[in-house]
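The next block holds one structure in the form of structure tokens; read it before the comments.
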Amino acid sequence: MSADIRTGIDRRTLLATAASGGVAAAAGGPVLAQAPLTPPARPAAPPPASAAAAATAVGDSRDIILRISREVWSTPELSLAEVKSSAIHIRELTAAGFQIVSTGTSGTPTAFIAEWGQGKGGPVIGYLPEYDALPGLGNAAEPRQTPAPAGATVGHGCGHNMLGAGCTGAAVALKRMMERAGTAGTIRVYGCAAEEAEGVKVYMVRDGLFNDVDAALAWHPAPVAGTGLIRTSASNKAKVMFHGRTAHAGNSPWDGRSALKAAELFAHGVNLMREHILPSARIHYIYENAGVAPNIVPDFAQMWIVIRDVDRDKVSAMTDWVRQIADGAAMATQTRAEFDLFFGMHDLLPNDALVPLVHRHMATVPLDWTADEQAFARTCQKAMKLPETGMATSLLPPLGDLTAGASTDVGDVSYVTPVGIFGWPTLPLGVSLHTWAVTACAGMSIGDKGSLNTARILAGVGFDLMTDAALRQAAKESLQRRRGDRPFVSPIPKSRTRPLGLPPHLVKTSDDELVAPLPAAQGASSK
Ligand SMILES: [Zn+2]
């Protein structure tokens, strides 16, 4: 692979930096870290010409953006069940003049595609709103761990209410900008369901729904404001099942063959494998089914394993090895192994042309917090036994090449179209994503500012992409350079038409899955 990929050694350097005053965002989305890899000594670039118009257009769209951010926060729904949350986005986009061209997109009932365009021959720019929440992270908009309104145990602990509001809000604002300037082009909003589980973007890319897109834009909540040449890990998710033979564990254990013993041996094999994999690799698993009672020899056991590394090739090689370990464990215990590789993601390819532009737009948006907001953040930090440093107040310099351990389904998008992405502060410094404090901040004025300010950045970058052919070309060339000549092969098995974890009551019939075919949807399930 290319020399830009950093391994565990660099990550250690990075973590040391974080410990000595730098800041690192937590996993769950793109990780942003303050890395001294890029000299920050360059003079500041001038603000992009479109920034002022973006600020005006977002000001005009303020009510829409805040409705999405607050309503989705108040209606937290788990991945693949975001029925009300996706409806909120669809309602606002429809009211703003977008056409809903697809619902139940790519086998996922809560995914959608909306579109607006004018003129002829213009580019297609995509936005990637997410709106799923997480279990166990329901919290009131208060700076302490306390039950959510109506006792909701699900909560926006990854801040996707703001992520979605910023992206959809940017689309609405960009439409205003294009109408005012008479710009030709198409804005496409991909309703990105289930990012926390089996992200629909991977299915959408497999189905060719990004093939005609000139660039896609997104952001993610973070403790810091930053962007850079950041990769996330490629990953595979598999269910490993063992089938044995049950028996009375006291009377006649010799008649049984324990599926749990096979699972234990499998886990042992995976752990022995760790010595011989790269430091950049990650393997984690849970036991989902390990029998029902100790006096019954379990005839079934199930594990869920996640395998990650810096690119698909390395993940595929490790997955083959793990599959062999499952077969070996079954052979040794006279059971049968079943290996269901049900989901995977590509690493995220950063875009050399879009990083500086995104950074210039970020620099036009002030990180101003009220005394109350800083006090809120410090109270959260105190409750979490973290240094009481409040919210980030400055933009990090563009970050150098690094690979984060976490994965995102934006990775697959980044292999077929240039992606601009950044992190923006919506949580106190030092706080990890996927915690109650993220939910708390996302439901008050800190979250409102996150949604509005990121919409501004995304609308401005979107307008520049709409109007600058050289920029689009440079972004395309960066993608080609980083991808090289490797063919795109979707990690999703061909046989899988919808996510494994789809709640049965949400499975729809095939004829309402795509309202109108997109021009990109023909052929090219892989390229
Ligand atoms: Zn997230």
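By order in the structure tokens, chains are A, B, ...; within a chain, residues start at 1; ligands start at 1, following the order shown.
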Protein and nucleic residues near ligand 1, 10 Å, only C-alpha atoms and all ligand atoms, as a list in words: Ala27, Gly28, Gly29, Pro30, Glu130, Tyr131, Asp132, Ala133, Leu134, His156, Gly157, Cys158, Gly159, His160, Asn161, Leu163, Ala194, Glu195, Glu196, Trp219, His220, Pro221, Ala222, Ser407, Thr408, Leu433 and His434 of chain A
Output file for the residues above (N, CA and C atoms, as an mmCIF file, in the first residue's frame):
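The resulting again_8.cif:
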data_model
loop_
_atom_site.group_PDB
_atom_site.id
_atom_site.type_symbol
_atom_site.label_atom_id
_atom_site.label_comp_id
_atom_site.auth_asym_id
_atom_site.auth_seq_id
_atom_site.Cartn_x
_atom_site.Cartn_y
_atom_site.Cartn_z
ATOM 1 N N ALA A 27 -13.293 7.136 19.157
ATOM 2 C CA ALA A 27 -13.745 6.308 18.043
ATOM 3 C C ALA A 27 -15.254 6.378 17.904
ATOM 4 N N GLY A 28 -15.745 5.735 16.839
ATOM 5 C CA GLY A 28 -17.174 5.729 16.601
ATOM 6 C C GLY A 28 -17.468 6.454 15.303
ATOM 7 N N GLY A 29 -16.623 7.289 14.919
ATOM 8 C CA GLY A 29 -16.687 8.003 13.660
ATOM 9 C C GLY A 29 -15.261 8.323 13.334
ATOM 10 N N PRO A 30 -15.047 9.225 12.421
ATOM 11 C CA PRO A 30 -13.667 9.586 12.108
ATOM 12 C C PRO A 30 -12.963 10.131 13.354
ATOM 13 N N GLU A 130 -26.697 11.516 8.715
ATOM 14 C CA GLU A 130 -26.982 10.302 9.492
ATOM 15 C C GLU A 130 -27.936 10.714 10.609
ATOM 16 N N TYR A 131 -28.660 9.752 11.180
ATOM 17 C CA TYR A 131 -29.650 10.125 12.205
ATOM 18 C C TYR A 131 -29.947 9.002 13.194
ATOM 19 N N ASP A 132 -29.081 7.984 13.261
ATOM 20 C CA ASP A 132 -29.349 6.912 14.229
ATOM 21 C C ASP A 132 -28.720 7.239 15.595
ATOM 22 N N ALA A 133 -29.313 6.660 16.639
ATOM 23 C CA ALA A 133 -28.848 6.873 18.011
ATOM 24 C C ALA A 133 -28.318 5.556 18.576
ATOM 25 N N LEU A 134 -27.950 5.569 19.851
ATOM 26 C CA LEU A 134 -27.272 4.420 20.461
ATOM 27 C C LEU A 134 -27.996 3.950 21.720
ATOM 28 N N HIS A 156 -28.620 10.195 21.610
ATOM 29 C CA HIS A 156 -27.691 10.606 20.549
ATOM 30 C C HIS A 156 -26.277 10.803 21.091
ATOM 31 N N GLY A 157 -25.717 9.703 21.570
ATOM 32 C CA GLY A 157 -24.367 9.721 22.130
ATOM 33 C C GLY A 157 -23.264 9.790 21.096
ATOM 34 N N CYS A 158 -23.642 9.802 19.796
ATOM 35 C CA CYS A 158 -22.641 10.054 18.752
ATOM 36 C C CYS A 158 -22.995 11.347 18.015
ATOM 37 N N GLY A 159 -24.057 12.014 18.490
ATOM 38 C CA GLY A 159 -24.405 13.325 17.944
ATOM 39 C C GLY A 159 -24.956 13.326 16.535
ATOM 40 N N HIS A 160 -25.578 12.225 16.113
ATOM 41 C CA HIS A 160 -26.041 12.169 14.730
ATOM 42 C C HIS A 160 -27.256 13.066 14.478
ATOM 43 N N ASN A 161 -27.917 13.530 15.551
ATOM 44 C CA ASN A 161 -28.983 14.531 15.336
ATOM 45 C C ASN A 161 -28.388 15.798 14.728
ATOM 46 N N LEU A 163 -25.241 15.879 13.236
ATOM 47 C CA LEU A 163 -24.613 15.471 11.972
ATOM 48 C C LEU A 163 -25.649 15.556 10.835
ATOM 49 N N ALA A 194 -28.494 3.922 9.785
ATOM 50 C CA ALA A 194 -27.776 2.797 10.407
ATOM 51 C C ALA A 194 -26.265 2.907 10.395
ATOM 52 N N GLU A 195 -25.729 4.119 10.530
ATOM 53 C CA GLU A 195 -24.265 4.241 10.518
ATOM 54 C C GLU A 195 -23.630 3.442 11.641
ATOM 55 N N GLU A 196 -24.333 3.339 12.761
ATOM 56 C CA GLU A 196 -23.755 2.648 13.918
ATOM 57 C C GLU A 196 -23.816 1.121 13.803
ATOM 58 N N TRP A 219 -19.632 15.648 7.897
ATOM 59 C CA TRP A 219 -18.828 16.041 9.058
ATOM 60 C C TRP A 219 -19.150 15.067 10.174
ATOM 61 N N HIS A 220 -18.415 15.154 11.266
ATOM 62 C CA HIS A 220 -18.763 14.349 12.421
ATOM 63 C C HIS A 220 -18.516 15.124 13.704
ATOM 64 N N PRO A 221 -19.432 15.012 14.679
ATOM 65 C CA PRO A 221 -19.193 15.634 15.989
ATOM 66 C C PRO A 221 -17.865 15.164 16.576
ATOM 67 N N ALA A 222 -17.206 16.075 17.281
ATOM 68 C CA ALA A 222 -15.880 15.790 17.826
ATOM 69 C C ALA A 222 -15.639 16.740 19.005
ATOM 70 N N SER A 407 -13.892 2.635 12.200
ATOM 71 C CA SER A 407 -14.301 2.533 10.796
ATOM 72 C C SER A 407 -15.557 3.359 10.582
ATOM 73 N N THR A 408 -15.785 3.754 9.331
ATOM 74 C CA THR A 408 -17.031 4.441 8.971
ATOM 75 C C THR A 408 -17.462 4.005 7.582
ATOM 76 N N LEU A 433 -16.691 10.138 22.332
ATOM 77 C CA LEU A 433 -17.979 9.868 21.687
ATOM 78 C C LEU A 433 -18.581 8.605 22.316
ATOM 79 N N HIS A 434 -19.868 8.416 22.102
ATOM 80 C CA HIS A 434 -20.585 7.264 22.658
ATOM 81 C C HIS A 434 -20.608 7.321 24.188
#
Shell around range 253-263 of chain A at 8 Å using only C-alpha atoms, local window under 3 positions removed, as a PyMOL selection string: chain A and resi 241-250+266-267+290-291+297-303+329-330+332-335
Convert the current residue selection to file output with C-alpha atoms, as a compact mmCIF listing (two decimals), in the first residue's frame.
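For reference, part_29.txt as written:
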# COMPACT_ATOMS: atom_id res chain seq x y z
CA MET A 241 -21.92 -20.04 14.73
CA PHE A 242 -21.16 -23.51 16.06
CA HIS A 243 -23.60 -26.40 15.93
CA GLY A 244 -23.07 -29.30 18.34
CA ARG A 245 -25.20 -32.01 19.98
CA THR A 246 -27.04 -31.52 23.24
CA ALA A 247 -27.10 -33.98 26.16
CA HIS A 248 -27.64 -34.11 29.91
CA ALA A 249 -24.39 -32.61 31.22
CA GLY A 250 -24.50 -34.78 34.37
CA PHE A 266 -12.20 -20.42 18.35
CA ALA A 267 -11.65 -17.44 20.65
CA ALA A 290 -23.16 -19.40 24.91
CA GLY A 291 -25.80 -21.93 25.96
CA VAL A 297 -24.59 -29.41 26.84
CA PRO A 298 -25.05 -26.42 24.47
CA ASP A 299 -25.84 -27.51 20.94
CA PHE A 300 -25.52 -23.93 19.66
CA ALA A 301 -23.13 -21.06 20.26
CA GLN A 302 -22.73 -17.77 18.40
CA MET A 303 -20.06 -15.13 18.34
CA ALA A 329 -12.22 -25.31 16.29
CA ALA A 330 -15.17 -27.24 14.87
CA ALA A 332 -11.33 -30.35 17.21
CA THR A 333 -14.67 -30.44 19.02
CA GLN A 334 -16.63 -32.57 16.53
CA THR A 335 -19.04 -29.73 15.90
Shell around Ser478 in chain A at 9 Å using only C-alpha atoms, local window under 2 positions removed, as a VMD selection string: chain A and resid 350 to 353 418 473 to 476 480 to 483
Counting only C-alpha atoms, the residue of A:Arg188, A:Arg144, A:Lys84, A:Arg206 that sits nearest Ile100 in chain A: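 Among A:Arg188, A:Arg144, A:Lys84, A:Arg206, it is A:Arg188 that comes nearest to Ile100 in chain A.
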Per-residue DSSP, range 41-265 of chain A, filtered to helix (DSSP H, G or I), as a PyMOL selection string: chain A and resi 51-60+62-74+83-95+105-107+149-151+160-181+200-206+253-255+259-265
All residues 10 Å or closer to range 486-502 of chain A, only C-alpha atoms, same chain fewer than 4 positions away omitted, as a PyMOL selection string: chain A and resi 79-81+105-109+194+197-200+202-203+205-207+234-237+312+316+340-346+412+415-416+480+482+506-507+525-527
Selection export as an mmCIF file, in the first residue's frame, atoms kept: C-alpha atoms:
data_model
loop_
_atom_site.group_PDB
_atom_site.id
_atom_site.type_symbol
_atom_site.label_atom_id
_atom_site.label_comp_id
_atom_site.auth_asym_id
_atom_site.auth_seq_id
_atom_site.Cartn_x
_atom_site.Cartn_y
_atom_site.Cartn_z
ATOM 1 C CA SER A 79 -29.923 1.948 13.739
ATOM 2 C CA LEU A 80 -32.248 0.436 11.102
ATOM 3 C CA ALA A 81 -35.307 1.640 13.042
ATOM 4 C CA THR A 105 -33.128 2.722 -0.459
ATOM 5 C CA SER A 106 -30.822 -0.266 -1.003
ATOM 6 C CA GLY A 107 -32.878 -2.609 1.161
ATOM 7 C CA THR A 108 -32.931 -0.288 4.179
ATOM 8 C CA PRO A 109 -36.422 1.028 5.029
ATOM 9 C CA ALA A 194 -27.776 2.797 10.407
ATOM 10 C CA ALA A 197 -24.672 -0.847 12.700
ATOM 11 C CA GLU A 198 -24.735 -1.862 9.031
ATOM 12 C CA GLY A 199 -24.324 1.527 7.386
ATOM 13 C CA VAL A 200 -26.489 1.854 4.308
ATOM 14 C CA VAL A 202 -21.986 0.539 1.818
ATOM 15 C CA TYR A 203 -25.141 -0.865 0.193
ATOM 16 C CA VAL A 205 -22.210 2.310 -3.123
ATOM 17 C CA ARG A 206 -22.574 -1.372 -4.048
ATOM 18 C CA ASP A 207 -25.808 -0.467 -5.866
ATOM 19 C CA ALA A 234 -11.321 -1.001 6.765
ATOM 20 C CA SER A 235 -13.341 -3.654 8.581
ATOM 21 C CA ASN A 236 -15.349 -6.861 8.323
ATOM 22 C CA LYS A 237 -18.117 -8.043 10.614
ATOM 23 C CA ARG A 312 -9.402 -4.168 2.502
ATOM 24 C CA SER A 316 -9.612 -9.942 3.795
ATOM 25 C CA ASP A 340 -21.522 -15.437 8.001
ATOM 26 C CA LEU A 341 -19.489 -12.464 6.778
ATOM 27 C CA PHE A 342 -22.448 -10.078 6.743
ATOM 28 C CA PHE A 343 -20.921 -6.610 6.574
ATOM 29 C CA GLY A 344 -17.716 -4.771 5.824
ATOM 30 C CA MET A 345 -16.396 -1.305 5.118
ATOM 31 C CA HIS A 346 -13.569 0.290 3.192
ATOM 32 C CA ASP A 412 -16.936 3.048 0.749
ATOM 33 C CA TYR A 415 -13.578 4.959 -3.026
ATOM 34 C CA VAL A 416 -16.049 6.004 -5.721
ATOM 35 C CA GLN A 480 -7.503 8.174 -8.352
ATOM 36 C CA ARG A 482 -4.848 7.293 -3.553
ATOM 37 C CA LEU A 506 -39.682 -3.025 8.925
ATOM 38 C CA VAL A 507 -38.911 -5.375 6.036
ATOM 39 C CA SER A 525 -22.379 -2.560 -8.866
ATOM 40 C CA SER A 526 -18.619 -2.579 -8.704
ATOM 41 C CA LYS A 527 -15.975 -0.545 -10.393
#
Of the listed residues A:Ala95, A:Ala440, A:Leu367, A:Ile125, that which approaches Asp214 in chain A most closely, counting only C-alpha atoms: A:Ile125
d(CA of Gly400 in chain A, CA of Phe210 in chain A) in Å: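 Spanning CA of Gly400 in chain A to CA of Phe210 in chain A is a straight-line distance of 27.3 Å.
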Separation of CA of Glu142 in chain A from CA of Thr379 in chain A in Å: 9.3 Å
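Counting only C-alpha atoms and comparing A:Gln145, A:Ser394, A:Ser102, A:Thr426, the residue that lies closest to Ile90 in chain A is A:Ser102.
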Filtered DSSP result for range 293-514 of chain A, state strand (DSSP E or B), as a ChimeraX atom specification: /A:296,300-309,336-345,395,399-403,419-425
Using only C-alpha atoms: which of A:Arg231, A:Phe463, A:Val213, A:Ser85 has the shortest distance to Gly182 in chain A: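 For Gly182 in chain A, the nearest of the candidates is A:Phe463.
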d(CA of Thr75 in chain A, CA of Gly138 in chain A) in Å: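 Atom-to-atom, CA of Thr75 in chain A to CA of Gly138 in chain A, that is 10.5 Å.
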